[in-house]
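> Got a structure for you, questions after.
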Amino acid sequence: MNQDQIAIFAGGCFWCTEPVFSQLRGVNKVVSGYIGGHTANPNYKAICNGDTGHAEAIQISFDAELVSFETLLEVFLVSHDPTTLNRQGNDIGTQYRSAVFCQNQMQRDATEKMIAAFNAADIFNAPIVTQINGADIFYPAEDYHQYFFDKNPNQPYCMAVAAPKAAKIRAKYAQLIK
């Protein structure tokens, strides 16, 4: 039995990124949280004010024998808009930036390579601005944020933003769905 590997992606509101990845085969756990800031033990209110420097992110525990980091990275890039700086849709601020927090050199190399390939192929018709960062302290968000979409599928934001993102990935990557 292999130990799970970790991937950390920031792609806007974690209510929207968590359901994209929790539906994938090989993903064992997704934790919503905060990373990349300068304040210890941030909370949601401080994050929303944009005062801590953290991004809303998800920490994915995955079995690399069932799903590769590269596959997760591709899903990440396709599931949000990696071409907008500090913004995802109507969510604006550094807490909504697009970023990969690489856990090792392999993840950094894979991220640099995939972004370069996507840019060369003009996949998004604009350059990718996703930040490539090193590992940093990941702070799990408050309990009510964990698996928020599963607990609140009829919440208007979830219906308008999270559900379509998860559905887009189910359609495009049907072979990866649990």
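Here, A, B, ... name the chains of the structure tokens in the order displayed, residue numbers run from 1 inside each chain, and ligands are numbered from 1 in the same displayed order.
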Mind running region 49-149 of chain A against region 23-26 of chain A at 6 Å and telling me each contacting residue's nearest atom pair with the distance in Å (one decimal), counting only C-alpha atoms, chain and number ascending, as a Markdown table?


| residue | atom | partner | partner_atom | distance |
| --- | --- | --- | --- | --- |
| A:Phe62 | CA | A:Gly26 | CA | 5.5 |
| A:Asp63 | CA | A:Gly26 | CA | 5.1 |
| A:Leu66 | CA | A:Gly26 | CA | 4.8 |
| A:Val67 | CA | A:Gly26 | CA | 5.2 |

> Export C-alpha atoms of the chosen residues as a PDB file, in the first residue's frame?


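The resulting file, out.pdb, is reproduced below:
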ATOM      1  CA  PHE A  62      -4.148  11.113  -3.973  1.00  0.00           C
ATOM      2  CA  ASP A  63      -2.931   7.643  -4.898  1.00  0.00           C
ATOM      3  CA  LEU A  66      -4.513   5.562  -9.788  1.00  0.00           C
ATOM      4  CA  VAL A  67      -4.124   9.204 -10.836  1.00  0.00           C
TER       5      VAL A  67
END

> Report the closest atom pair, with its distance in Å rounded to one decimal, for each residue of region 14-119 of chain A that has an atom no farther than 10 Å from region 144-155 of chain A; count only C-alpha atoms, sort by chain and then rising residue number, and write it as JSON lines.


{"residue": "A:Phe14", "atom": "CA", "partner": "A:His145", "partner_atom": "CA", "distance": 8.2}
{"residue": "A:Trp15", "atom": "CA", "partner": "A:Phe148", "partner_atom": "CA", "distance": 6.0}
{"residue": "A:Cys16", "atom": "CA", "partner": "A:Phe149", "partner_atom": "CA", "distance": 7.6}
{"residue": "A:Thr17", "atom": "CA", "partner": "A:Phe149", "partner_atom": "CA", "distance": 9.6}
{"residue": "A:Glu18", "atom": "CA", "partner": "A:Tyr147", "partner_atom": "CA", "distance": 6.9}
{"residue": "A:Pro19", "atom": "CA", "partner": "A:Phe149", "partner_atom": "CA", "distance": 6.5}
{"residue": "A:Ser22", "atom": "CA", "partner": "A:Tyr147", "partner_atom": "CA", "distance": 8.6}
{"residue": "A:Lys29", "atom": "CA", "partner": "A:Tyr147", "partner_atom": "CA", "distance": 9.9}
{"residue": "A:Val30", "atom": "CA", "partner": "A:Tyr147", "partner_atom": "CA", "distance": 8.0}
{"residue": "A:Val31", "atom": "CA", "partner": "A:Gln146", "partner_atom": "CA", "distance": 6.3}
{"residue": "A:Ser32", "atom": "CA", "partner": "A:Gln146", "partner_atom": "CA", "distance": 5.8}
{"residue": "A:Gly33", "atom": "CA", "partner": "A:His145", "partner_atom": "CA", "distance": 8.4}
{"residue": "A:Tyr44", "atom": "CA", "partner": "A:His145", "partner_atom": "CA", "distance": 9.2}
{"residue": "A:Ile58", "atom": "CA", "partner": "A:Gln146", "partner_atom": "CA", "distance": 9.8}

> Env of region 71-87 of chain A: 9 Å cut, atoms = only C-alpha atoms, seq-sep filter 3 positions within chain, self excluded. Answer as a ChimeraX atom specification.

/A:7,9-12,17,20-21,24,67-68,90-100,110-111,114-115,124-130,165-166,168-169,173

> Which residue out of A:Pro42, A:Pro156, A:Pro164, A:Pro140 has the minimum interatomic distance to Gln59 (chain A) when only C-alpha atoms are used?

A:Pro140

> Quick one: pick out all alpha helix (DSSP H) residues within region 6-118 of chain A from a backbone DSSP run and write them as a PyMOL selection string.

chain A and resi 14-22+44-49+69-79+105-118

> Just give me the gap between CA of Asn104 (chain A) and CA of Ser61 (chain A) in Å, one decimal is fine.

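CA of Ser61 (chain A) lies at a distance of 14.6 Å from CA of Asn104 (chain A).
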
> Could you please write out, as number ranges by chain, every residue of chain A that DSSP assigns to strand (DSSP E)?

A: 5-11, 27-35, 55-62, 87-88, 91-92, 98-102, 131-134, 138-140

> So, with only C-alpha atoms as the atoms that count, which of A:Ala162, A:Ile35, A:Ile132, A:Gly89 lies closest to Gln105 (chain A)?

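Closest candidate: A:Ile132.
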